[in-house]
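Taking it in order: structure first as structure tokens, then the write-up.
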Amino acid sequence: MNIPQDTILKIREKFPILNRKVFNRKLVYLDNAATSQTPRQVVEAIDNMYFHTKANVHRGVHTLSQEATDMQEQTRRHIKDYINAESIEEIVFTRGTTEAINLVTSSFGEAFLHDGDEIILTVMEHHANIVPWQLLQKKINIKINVVPINSRGELDLDVYRSLFNSHTRLVSFTHVSNVLGTINPAKEIIKIAHEHGVKAMVDGAQGAPHLKVDVRELDADFYVFSSHKMYGPTGVGVLYGKRDLLEQMPPYQGGGEMIAHVSFEGTTFADLPFKFEAGTPDFVDIAAFNSALDFIEDTGMDIIAGQEHILLEHTTERLVNEIPGIRIFGTAPNKSGVISFLLENAHHYDTGMLLDKLGIAVRTGHHCAQPLMTALGIEGTVRASFAVYNTLDEADAFVDALKRVNQILS
Ligand code: PMP
């Protein structure tokens with residue numbers, strides 16, 4: 001795909017933060033897998049709501065409350081269309097991917113899991129898709145099976161197939177690895193689960209920002225993601241769940257909004273999706289998430305994914321050719337714009353710190369994926385991750401800076 005640089009420069013203009021300096025150098029922001037930057041239109045939507053329309057949602061007959069409710073519910077409709085869900089009842093707002101997964105572990109766990117049951121995770125999961133299951137293990141004696149990876153960082157589907165037995169109840173896996181960049185064959189993984197009568201949850205934290213997601217095409221039972229990685233505000237996440245499943249699941253938290261009627265003798269719960277939305281939601285940020293989805297759609301997922309792919313290929317080629325001894329973790333052919341690496345003779349922290357001094361923002365450490373680090377036999381990596389507003393010049397600035405850092409540290 002050929003994307004004119006002018007197109008990307010126009011997109012960049014929407015992100016004022018990209019003009020700032022760090023250590024008196026032009027910022028090159030390559031930590032997009034942790035959180036992406038936010039375009040002006042999203043910040044203006046937040047401003048606009050605080051200045052004109054702030055009122056609690058679903059509670060009032062007055063104009064502001066109704067307007068605020070409409071704005072929140074418009075985002076829900078937008079998300080439904082964005083991921084091609086069947087109905088808005090299937091779209092539950094949470095604080096993020098992490099809370100959405102905790103909701104499923106807790107509520108699906110209560111409804112469907114019993115002592116002796118088994119679930120399947122993968123070795124490349126983020127801690128957000130590991131630890132909640134371990135917390136559940138303290139209440140229910142479930143077994144966690146783990147799908148390994150091959151040397152390119154792809155899931156071993158033969159082992160995956162072999163992990164099913166009559167006790168298996170759920171498969172939960174990441175759409176895209178936040179460390180390796182591997183794009184997992186989600187449709188196939190889900191199909192295999194369904195052939196065994198097993199439900200499947202997709203951690204879409206790194207999927208929804210970079211791929212066209214169609215939950216019906218995937219046939220996912222649950223799909224979860226965070227706004228802040230999708231050019232949107234912090235504090236907002238989404239749980240998509242198939243309606244019949246959500247209907248069978250008990251509430252996750254109790255409070256306002258999620259009830260039909262309360263008395264001290266007993267309480268009945270609200271219909272979907274409100275059954276899972278106790279308390280005042282982050283309605284300002286939810287409303288503003290709508291503008292982030294507008295940004296993604298106006299830009300076009302083909303341009304977003306296309307530019308990220310161009311950056312990935314260009315940068316990887318230069319790193320491999322120009323930095324002797326560099327180790328890149330994750331070399332799957334089907335890969336998203338994430339490059340995790342280690343310089344031959346340097347600790348990842350030192351590499352990251354020196355890059356920062358040169359204006360390059362990358363992430364270092366275990367990336368909340370310690371089991372994956374253990375499987376790779378390392379403690380951490382340096383990770384550069386791209387978004388649509390990154391340019392080839394920035395990719396070059398990163399590689400040039402890394403060459404300098406490599407000389408200093410070796
Ligand atoms: N899963 C993956 C694959 C992620 O990359 C992240 C964020 N790093 C999460 C889950 C957690 O997302 P959040 O912190 O927005 O809840």
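Going through the structure tokens in order, the chains are called A, B, and so on, while each chain numbers its residues from 1 and the ligands are numbered from 1 in the order shown.
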
key: Contacts of A:Met353 at 12 Å (only C-alpha atoms; same-chain gap of 4+ positions) as a list in words   =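 Returned residues: Phe23, Ala346, His347, His348, Tyr349, Lys357, Leu358, Gly359, Ile360, Ala361, Val362, Arg363, Thr364, Gly365, Val382, Ala401, Leu402, Val405 and Leu409 of chain A.
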
request  = Could I get the residue neighbourhood of ligand 1 at 7 Å, counting only C-alpha atoms and all ligand atoms, as a list in words?
outcome  =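 Counting only C-alpha atoms and all ligand atoms, the residues within 7 Å of ligand 1 come out as Ala33, Ala34, Gly96, Thr97, Thr98, Glu99, Glu125, His126, Ala128, Asn129, Thr174, Val176, Ser177, Asn178, Asp203, Gly204, Ala205, Gln206, Ser226 and His228 of chain A.
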
Take the selection from the previous step and output its residues with all heavy atoms, as a CSV table (one decimal), in the first residue's frame.
chain,number,residue,atom,x,y,z
A,33,ALA,N,1.6,1.2,22.0
A,33,ALA,CA,0.9,0.0,22.5
A,33,ALA,C,0.5,0.1,23.9
A,33,ALA,O,-0.4,-0.5,24.4
A,33,ALA,CB,1.8,-1.3,22.3
A,34,ALA,N,1.2,1.0,24.6
A,34,ALA,CA,0.8,1.3,26.0
A,34,ALA,C,-0.4,2.3,26.1
A,34,ALA,O,-1.3,2.0,26.8
A,34,ALA,CB,2.0,1.9,26.8
A,96,GLY,N,-11.9,-0.3,31.4
A,96,GLY,CA,-10.9,-0.6,30.5
A,96,GLY,C,-10.9,-2.1,30.2
A,96,GLY,O,-11.8,-2.8,30.7
A,97,THR,N,-9.9,-2.6,29.5
A,97,THR,CA,-9.8,-4.0,29.1
A,97,THR,C,-9.7,-4.8,30.4
A,97,THR,O,-10.4,-5.9,30.6
A,97,THR,CB,-8.6,-4.3,28.3
A,97,THR,OG1,-8.7,-3.5,27.1
A,97,THR,CG2,-8.4,-5.7,27.9
A,98,THR,N,-8.9,-4.3,31.3
A,98,THR,CA,-8.6,-5.1,32.6
A,98,THR,C,-9.9,-5.3,33.3
A,98,THR,O,-10.2,-6.4,33.8
A,98,THR,CB,-7.6,-4.3,33.5
A,98,THR,OG1,-6.4,-4.1,32.7
A,98,THR,CG2,-7.3,-5.1,34.7
A,99,GLU,N,-10.7,-4.2,33.5
A,99,GLU,CA,-12.0,-4.4,34.2
A,99,GLU,C,-12.9,-5.3,33.4
A,99,GLU,O,-13.7,-6.1,34.0
A,99,GLU,CB,-12.7,-3.1,34.5
A,99,GLU,CG,-13.8,-3.3,35.5
A,99,GLU,CD,-14.6,-2.0,35.8
A,99,GLU,OE1,-14.8,-1.2,34.9
A,99,GLU,OE2,-14.9,-1.8,37.0
A,125,GLU,N,-0.2,-14.1,27.0
A,125,GLU,CA,-1.2,-13.2,27.5
A,125,GLU,C,-0.6,-12.1,28.4
A,125,GLU,O,0.4,-12.3,29.1
A,125,GLU,CB,-2.2,-14.0,28.4
A,125,GLU,CG,-3.0,-14.9,27.6
A,125,GLU,CD,-3.6,-14.3,26.3
A,125,GLU,OE1,-4.3,-13.3,26.4
A,125,GLU,OE2,-3.4,-14.9,25.2
A,126,HIS,N,-1.2,-11.0,28.3
A,126,HIS,CA,-1.0,-9.8,29.3
A,126,HIS,C,-1.4,-10.3,30.7
A,126,HIS,O,-2.4,-11.1,30.8
A,126,HIS,CB,-1.8,-8.6,28.8
A,126,HIS,CG,-1.6,-7.4,29.5
A,126,HIS,ND1,-2.1,-7.0,30.7
A,126,HIS,CD2,-0.8,-6.3,29.1
A,126,HIS,CE1,-1.7,-5.8,31.0
A,126,HIS,NE2,-0.9,-5.3,30.1
A,128,ALA,N,-3.3,-9.0,32.6
A,128,ALA,CA,-4.7,-8.7,32.7
A,128,ALA,C,-5.6,-9.9,32.3
A,128,ALA,O,-6.8,-10.0,32.7
A,128,ALA,CB,-5.1,-7.5,31.9
A,129,ASN,N,-5.0,-10.8,31.5
A,129,ASN,CA,-5.8,-12.0,31.1
A,129,ASN,C,-5.2,-13.3,31.8
A,129,ASN,O,-5.4,-14.4,31.3
A,129,ASN,CB,-5.8,-12.2,29.6
A,129,ASN,CG,-6.8,-13.2,29.1
A,129,ASN,OD1,-7.8,-13.5,29.8
A,129,ASN,ND2,-6.5,-13.8,28.0
A,174,THR,N,-5.3,-13.4,23.5
A,174,THR,CA,-5.1,-12.0,23.0
A,174,THR,C,-5.2,-12.0,21.5
A,174,THR,O,-4.7,-12.9,20.8
A,174,THR,CB,-3.8,-11.4,23.5
A,174,THR,OG1,-3.8,-10.0,23.2
A,174,THR,CG2,-2.6,-12.1,22.8
A,176,VAL,N,-3.9,-9.7,19.5
A,176,VAL,CA,-2.6,-9.3,19.1
A,176,VAL,C,-1.7,-9.2,20.3
A,176,VAL,O,-2.1,-8.6,21.3
A,176,VAL,CB,-2.7,-7.9,18.4
A,176,VAL,CG1,-1.2,-7.5,18.0
A,176,VAL,CG2,-3.6,-7.9,17.1
A,177,SER,N,-0.5,-9.8,20.2
A,177,SER,CA,0.4,-9.8,21.3
A,177,SER,C,1.0,-8.4,21.5
A,177,SER,O,1.5,-7.8,20.5
A,177,SER,CB,1.5,-10.8,21.1
A,177,SER,OG,2.6,-10.5,22.0
A,178,ASN,N,0.9,-7.8,22.7
A,178,ASN,CA,1.5,-6.5,23.0
A,178,ASN,C,3.0,-6.5,23.0
A,178,ASN,O,3.6,-5.5,23.1
A,178,ASN,CB,0.9,-5.9,24.3
A,178,ASN,CG,1.3,-6.7,25.5
A,178,ASN,OD1,1.4,-7.9,25.5
A,178,ASN,ND2,1.7,-6.0,26.6
A,203,ASP,N,-9.1,-10.9,24.1
A,203,ASP,CA,-8.5,-9.7,24.6
A,203,ASP,C,-8.1,-8.8,23.4
A,203,ASP,O,-7.1,-9.1,22.8
A,203,ASP,CB,-7.3,-10.0,25.5
A,203,ASP,CG,-6.6,-8.8,25.9
A,203,ASP,OD1,-6.9,-7.7,25.4
A,203,ASP,OD2,-5.7,-8.9,26.8
A,204,GLY,N,-9.0,-7.9,23.1
A,204,GLY,CA,-8.8,-7.0,21.9
A,204,GLY,C,-8.1,-5.7,22.2
A,204,GLY,O,-8.1,-4.8,21.4
A,205,ALA,N,-7.4,-5.6,23.4
A,205,ALA,CA,-6.7,-4.4,23.7
A,205,ALA,C,-5.8,-3.9,22.6
A,205,ALA,O,-5.6,-2.7,22.3
A,205,ALA,CB,-5.9,-4.5,25.0
A,206,GLN,N,-5.1,-4.9,22.0
A,206,GLN,CA,-4.1,-4.5,20.9
A,206,GLN,C,-4.7,-4.9,19.5
A,206,GLN,O,-4.1,-4.7,18.5
A,206,GLN,CB,-2.8,-5.3,21.0
A,206,GLN,CG,-2.1,-5.0,22.3
A,206,GLN,CD,-1.6,-3.6,22.5
A,206,GLN,OE1,-1.5,-2.8,21.5
A,206,GLN,NE2,-1.3,-3.2,23.7
A,226,SER,N,-9.9,-1.3,25.1
A,226,SER,CA,-9.8,0.0,25.9
A,226,SER,C,-9.8,1.2,24.9
A,226,SER,O,-9.1,1.1,23.9
A,226,SER,CB,-8.5,0.0,26.7
A,226,SER,OG,-8.4,-1.0,27.6
A,228,HIS,N,-8.4,4.1,25.5
A,228,HIS,CA,-7.1,4.9,25.5
A,228,HIS,C,-6.1,4.4,24.6
A,228,HIS,O,-5.1,5.1,24.3
A,228,HIS,CB,-6.6,5.0,27.0
A,228,HIS,CG,-5.9,3.7,27.4
A,228,HIS,ND1,-4.6,3.5,27.3
A,228,HIS,CD2,-6.5,2.6,28.1
A,228,HIS,CE1,-4.3,2.3,27.8
A,228,HIS,NE2,-5.5,1.8,28.3

In stretch 137-375 of chain A, DSSP helix (DSSP H, G or I) residues written as a ChimeraX atom specification = /A:137,157-162,186-195,215-218,227-229,243-248,274-276,283-299,301-322,348-357,370-375

request  = For stretch 152-164 of chain A, list every protein, DNA or RNA residue within 6 Å, evaluated using only C-alpha atoms, and leave out those in the same chain fewer than 2 positions away; present the list as a PyMOL selection string.
outcome  = chain A and resi 147-150+168+330-332

query = Using only C-alpha atoms, which residue out of A:Ile79, A:Ala395, A:Ile328, A:Ile339 lies closest to A:Asp294?
reply =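 Of the candidates, the smallest distance to A:Asp294 is held by A:Ile79.
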
query = Excluding same-chain residues fewer than 4 positions from A:Met230, what lies within 7 Å of it counting only C-alpha atoms, as JSON, numbers by chain?
reply = {"A": [36, 209, 292]}

message = Please list as a list in words every residue within 12 Å of A:Asp302, counting only C-alpha atoms and excluding residues in the same chain fewer than 6 positions away.
response = Met1, Asn2, Ile3, Pro209, His210, Leu211, Lys212, Ile296, Glu308, His309, Ile310 and Val388 of chain A

Suppose we keep C-alpha atoms; can you now write the selection as a PDB file, in the first residue's frame?
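Saved result, out_32.pdb, follows:
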ATOM      1  CA  MET A   1       0.000   0.000   0.000  1.00  0.00           C
ATOM      2  CA  ASN A   2       1.301   3.428  -0.906  1.00  0.00           C
ATOM      3  CA  ILE A   3       0.304   6.154   1.560  1.00  0.00           C
ATOM      4  CA  PRO A 209      -6.913  -0.160  17.635  1.00  0.00           C
ATOM      5  CA  HIS A 210      -5.174  -1.721  14.634  1.00  0.00           C
ATOM      6  CA  LEU A 211      -7.513  -4.170  12.910  1.00  0.00           C
ATOM      7  CA  LYS A 212     -11.019  -4.143  11.567  1.00  0.00           C
ATOM      8  CA  ILE A 296     -10.550   6.152  13.272  1.00  0.00           C
ATOM      9  CA  GLU A 308       1.701   0.894  10.712  1.00  0.00           C
ATOM     10  CA  HIS A 309       2.723  -1.934   8.401  1.00  0.00           C
ATOM     11  CA  ILE A 310       4.952   0.335   6.306  1.00  0.00           C
ATOM     12  CA  VAL A 388      -0.931   5.991  12.230  1.00  0.00           C
TER      13      VAL A 388
END

message = Which residue is closest to A:Asp393? Choose from A:Val146, A:Leu311, A:Ile189, A:Val213 and count only C-alpha atoms.
response =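 Of the candidates, the smallest distance to A:Asp393 is held by A:Leu311.
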
task = Tell me which protein, DNA and RNA residues are within 9 Å of A:Met71, counting only C-alpha atoms, leaving out same-chain ones fewer than 2 positions away, and put them as a list in words.
result =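 Counting only C-alpha atoms, the residues come to Gln66, Glu67, Ala68, Thr69, Glu73, Gln74, Thr75, Arg76, Phe283, Val284, Ile286, Ala287, Ala288 and Asn290 of chain A.
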
Take the residues just selected and output them with N, CA and C atoms as a PDB file, in the first residue's frame.
ATOM      1  N   GLN A  66     -30.657  14.497  30.065  1.00  0.00           N
ATOM      2  CA  GLN A  66     -31.081  13.753  28.866  1.00  0.00           C
ATOM      3  C   GLN A  66     -30.057  13.886  27.741  1.00  0.00           C
ATOM      4  N   GLU A  67     -29.488  15.086  27.621  1.00  0.00           N
ATOM      5  CA  GLU A  67     -28.465  15.276  26.582  1.00  0.00           C
ATOM      6  C   GLU A  67     -27.230  14.405  26.879  1.00  0.00           C
ATOM      7  N   ALA A  68     -26.841  14.401  28.165  1.00  0.00           N
ATOM      8  CA  ALA A  68     -25.662  13.607  28.547  1.00  0.00           C
ATOM      9  C   ALA A  68     -25.930  12.119  28.291  1.00  0.00           C
ATOM     10  N   THR A  69     -27.134  11.689  28.638  1.00  0.00           N
ATOM     11  CA  THR A  69     -27.500  10.280  28.396  1.00  0.00           C
ATOM     12  C   THR A  69     -27.449   9.967  26.907  1.00  0.00           C
ATOM     13  N   GLU A  73     -25.141   7.176  25.135  1.00  0.00           N
ATOM     14  CA  GLU A  73     -25.762   6.067  24.396  1.00  0.00           C
ATOM     15  C   GLU A  73     -25.421   6.101  22.905  1.00  0.00           C
ATOM     16  N   GLN A  74     -25.119   7.304  22.417  1.00  0.00           N
ATOM     17  CA  GLN A  74     -24.670   7.401  21.025  1.00  0.00           C
ATOM     18  C   GLN A  74     -23.338   6.654  20.848  1.00  0.00           C
ATOM     19  N   THR A  75     -22.463   6.796  21.848  1.00  0.00           N
ATOM     20  CA  THR A  75     -21.195   6.063  21.779  1.00  0.00           C
ATOM     21  C   THR A  75     -21.459   4.560  21.789  1.00  0.00           C
ATOM     22  N   ARG A  76     -22.401   4.144  22.605  1.00  0.00           N
ATOM     23  CA  ARG A  76     -22.702   2.699  22.657  1.00  0.00           C
ATOM     24  C   ARG A  76     -23.166   2.211  21.270  1.00  0.00           C
ATOM     25  N   PHE A 283     -19.118   8.976  32.155  1.00  0.00           N
ATOM     26  CA  PHE A 283     -19.936   9.331  30.978  1.00  0.00           C
ATOM     27  C   PHE A 283     -19.291  10.408  30.107  1.00  0.00           C
ATOM     28  N   VAL A 284     -18.462  11.257  30.691  1.00  0.00           N
ATOM     29  CA  VAL A 284     -17.805  12.291  29.877  1.00  0.00           C
ATOM     30  C   VAL A 284     -16.844  11.627  28.886  1.00  0.00           C
ATOM     31  N   ILE A 286     -16.779   8.472  28.055  1.00  0.00           N
ATOM     32  CA  ILE A 286     -17.518   7.584  27.144  1.00  0.00           C
ATOM     33  C   ILE A 286     -18.048   8.409  25.967  1.00  0.00           C
ATOM     34  N   ALA A 287     -18.639   9.563  26.292  1.00  0.00           N
ATOM     35  CA  ALA A 287     -19.176  10.414  25.213  1.00  0.00           C
ATOM     36  C   ALA A 287     -18.064  10.826  24.251  1.00  0.00           C
ATOM     37  N   ALA A 288     -16.897  11.156  24.807  1.00  0.00           N
ATOM     38  CA  ALA A 288     -15.798  11.613  23.949  1.00  0.00           C
ATOM     39  C   ALA A 288     -15.179  10.474  23.135  1.00  0.00           C
ATOM     40  N   ASN A 290     -16.691   8.559  21.406  1.00  0.00           N
ATOM     41  CA  ASN A 290     -17.381   8.645  20.107  1.00  0.00           C
ATOM     42  C   ASN A 290     -16.532   9.391  19.075  1.00  0.00           C
TER      43      ASN A 290
END

inquiry  = Calculated over only C-alpha atoms, which of the candidates A:Asp115, A:Glu297, A:Glu344, A:Glu277 has the smallest distance to A:Gln253?
reply    =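 Of the candidates, the smallest distance to A:Gln253 is held by A:Glu277.
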
Go through stretch 220-289 of chain A and collect every residue that DSSP, computed from the backbone, puts in strand (DSSP E); the answer should be as a short mmCIF file (atom, residue, chain, number, x, y, z; two decimals) with all heavy atoms, in the first residue's frame.
data_model
loop_
_atom_site.label_atom_id
_atom_site.label_comp_id
_atom_site.auth_asym_id
_atom_site.auth_seq_id
_atom_site.Cartn_x
_atom_site.Cartn_y
_atom_site.Cartn_z
N PHE A 222 -16.94 -13.25 23.78
CA PHE A 222 -16.62 -11.98 24.43
C PHE A 222 -15.47 -11.33 23.66
O PHE A 222 -14.56 -12.03 23.22
CB PHE A 222 -16.15 -12.18 25.88
CG PHE A 222 -17.13 -12.89 26.76
CD1 PHE A 222 -16.94 -14.22 27.12
CD2 PHE A 222 -18.25 -12.23 27.25
CE1 PHE A 222 -17.84 -14.88 27.95
CE2 PHE A 222 -19.16 -12.87 28.09
CZ PHE A 222 -18.95 -14.20 28.43
N TYR A 223 -15.52 -10.00 23.57
CA TYR A 223 -14.40 -9.26 22.97
C TYR A 223 -14.24 -7.99 23.80
O TYR A 223 -15.21 -7.26 24.02
CB TYR A 223 -14.71 -8.92 21.50
CG TYR A 223 -13.48 -8.46 20.74
CD1 TYR A 223 -12.77 -9.33 19.92
CD2 TYR A 223 -13.01 -7.14 20.86
CE1 TYR A 223 -11.63 -8.92 19.24
CE2 TYR A 223 -11.87 -6.72 20.19
CZ TYR A 223 -11.20 -7.62 19.37
OH TYR A 223 -10.06 -7.21 18.71
N VAL A 224 -13.03 -7.74 24.29
CA VAL A 224 -12.83 -6.61 25.22
C VAL A 224 -11.74 -5.68 24.72
O VAL A 224 -10.77 -6.13 24.10
CB VAL A 224 -12.47 -7.13 26.64
CG1 VAL A 224 -13.62 -7.95 27.21
CG2 VAL A 224 -11.20 -7.97 26.63
N PHE A 225 -11.89 -4.40 24.97
CA PHE A 225 -10.85 -3.45 24.54
C PHE A 225 -10.95 -2.14 25.33
O PHE A 225 -11.90 -1.91 26.07
CB PHE A 225 -10.93 -3.19 23.03
CG PHE A 225 -12.27 -2.77 22.51
CD1 PHE A 225 -12.57 -1.43 22.28
CD2 PHE A 225 -13.24 -3.72 22.21
CE1 PHE A 225 -13.81 -1.04 21.77
CE2 PHE A 225 -14.49 -3.36 21.70
CZ PHE A 225 -14.77 -2.02 21.48
N SER A 226 -9.91 -1.30 25.14
CA SER A 226 -9.79 -0.03 25.89
C SER A 226 -9.79 1.15 24.94
O SER A 226 -9.10 1.12 23.91
CB SER A 226 -8.46 0.02 26.66
OG SER A 226 -8.36 -1.02 27.59
N GLY A 237 -13.55 1.40 28.87
CA GLY A 237 -13.31 0.14 28.17
C GLY A 237 -14.64 -0.44 27.74
O GLY A 237 -15.71 0.07 28.12
N VAL A 238 -14.55 -1.49 26.97
CA VAL A 238 -15.78 -2.11 26.45
C VAL A 238 -15.70 -3.61 26.65
O VAL A 238 -14.67 -4.24 26.36
CB VAL A 238 -15.95 -1.79 24.94
CG1 VAL A 238 -17.14 -2.56 24.36
CG2 VAL A 238 -16.13 -0.30 24.73
N LEU A 239 -16.80 -4.15 27.13
CA LEU A 239 -17.00 -5.59 27.07
C LEU A 239 -18.10 -5.85 26.07
O LEU A 239 -19.24 -5.39 26.26
CB LEU A 239 -17.43 -6.14 28.45
CG LEU A 239 -18.09 -7.52 28.42
CD1 LEU A 239 -17.12 -8.60 27.96
CD2 LEU A 239 -18.66 -7.88 29.79
N TYR A 240 -17.76 -6.53 24.98
CA TYR A 240 -18.80 -7.07 24.11
C TYR A 240 -19.05 -8.49 24.57
O TYR A 240 -18.10 -9.26 24.80
CB TYR A 240 -18.35 -7.08 22.63
CG TYR A 240 -19.15 -8.08 21.83
CD1 TYR A 240 -20.42 -7.77 21.36
CD2 TYR A 240 -18.66 -9.37 21.59
CE1 TYR A 240 -21.17 -8.71 20.67
CE2 TYR A 240 -19.42 -10.31 20.91
CZ TYR A 240 -20.67 -9.98 20.45
OH TYR A 240 -21.43 -10.90 19.78
N GLY A 241 -20.31 -8.86 24.72
CA GLY A 241 -20.64 -10.25 25.04
C GLY A 241 -21.89 -10.64 24.28
O GLY A 241 -22.78 -9.81 24.07
N ILE A 259 -29.94 -1.81 38.85
CA ILE A 259 -31.08 -2.45 39.51
C ILE A 259 -32.39 -2.18 38.78
O ILE A 259 -32.51 -1.20 38.03
CB ILE A 259 -31.22 -1.96 40.97
CG1 ILE A 259 -31.29 -0.41 41.02
CG2 ILE A 259 -30.07 -2.46 41.81
CD1 ILE A 259 -32.64 0.19 40.97
N ALA A 260 -33.36 -3.06 38.98
CA ALA A 260 -34.73 -2.75 38.56
C ALA A 260 -35.49 -2.25 39.77
O ALA A 260 -36.11 -1.20 39.76
CB ALA A 260 -35.39 -3.99 37.97
N HIS A 261 -35.40 -3.01 40.88
CA HIS A 261 -36.06 -2.60 42.11
C HIS A 261 -35.26 -3.10 43.31
O HIS A 261 -34.80 -4.23 43.32
CB HIS A 261 -37.49 -3.16 42.17
CG HIS A 261 -38.20 -2.76 43.43
ND1 HIS A 261 -38.73 -1.49 43.61
CD2 HIS A 261 -38.42 -3.44 44.58
CE1 HIS A 261 -39.26 -1.42 44.82
NE2 HIS A 261 -39.09 -2.57 45.43
N VAL A 262 -35.14 -2.24 44.31
CA VAL A 262 -34.38 -2.62 45.51
C VAL A 262 -35.27 -2.59 46.73
O VAL A 262 -36.01 -1.62 46.95
CB VAL A 262 -33.19 -1.66 45.74
CG1 VAL A 262 -32.43 -2.02 47.02
CG2 VAL A 262 -32.24 -1.66 44.56
N SER A 263 -35.23 -3.63 47.52
CA SER A 263 -35.80 -3.57 48.86
C SER A 263 -34.88 -4.39 49.75
O SER A 263 -34.03 -5.14 49.24
CB SER A 263 -37.22 -4.16 48.87
OG SER A 263 -37.15 -5.57 48.81
N GLY A 266 -35.05 -8.04 49.01
CA GLY A 266 -34.44 -8.60 47.79
C GLY A 266 -34.44 -7.56 46.68
O GLY A 266 -35.23 -6.62 46.71
N THR A 267 -33.55 -7.78 45.73
CA THR A 267 -33.37 -6.78 44.67
C THR A 267 -33.45 -7.47 43.32
O THR A 267 -32.96 -8.59 43.15
CB THR A 267 -32.00 -6.09 44.85
OG1 THR A 267 -32.09 -5.26 46.02
CG2 THR A 267 -31.62 -5.23 43.67
N THR A 268 -34.09 -6.79 42.37
CA THR A 268 -34.08 -7.32 41.00
C THR A 268 -33.19 -6.41 40.16
O THR A 268 -33.04 -5.22 40.46
CB THR A 268 -35.49 -7.37 40.41
OG1 THR A 268 -36.09 -6.08 40.58
CG2 THR A 268 -36.33 -8.43 41.07
N PHE A 269 -32.63 -7.00 39.12
CA PHE A 269 -31.60 -6.28 38.38
C PHE A 269 -32.12 -5.71 37.07
O PHE A 269 -33.08 -6.21 36.49
CB PHE A 269 -30.40 -7.20 38.13
CG PHE A 269 -29.84 -7.76 39.41
CD1 PHE A 269 -29.77 -9.12 39.62
CD2 PHE A 269 -29.44 -6.90 40.42
CE1 PHE A 269 -29.28 -9.62 40.81
CE2 PHE A 269 -28.94 -7.39 41.61
CZ PHE A 269 -28.88 -8.76 41.82
#

inquiry  = At a cut-off of 10 Å, using only C-alpha atoms, what residues contact stretch 5-12 of chain A? Leave out same-chain residues fewer than 5 positions from it and give the result as a list in words.
reply    =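 So, after excluding close chain neighbours, the residues are Ile17, Leu18, Asn19, Pro39, Phe295, Thr299, Ile303, Ile304, Gln307, Val388, Tyr389, Asn390, Thr391, Leu392 and Asp393 of chain A.
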
query = atom CA of A:Leu180 and atom CA of A:Lys335 are how many Å apart?
reply =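 Taking atom CA of A:Leu180 as the start and atom CA of A:Lys335 as the end point, the length is 7.9 Å.
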
inquiry  = Please report the interatomic distance between atom CA of A:Gln137 and atom CA of A:Glu118 in Å with one decimal.
reply    =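 Between atom CA of A:Gln137 and atom CA of A:Glu118 the gap works out to 10.5 Å.
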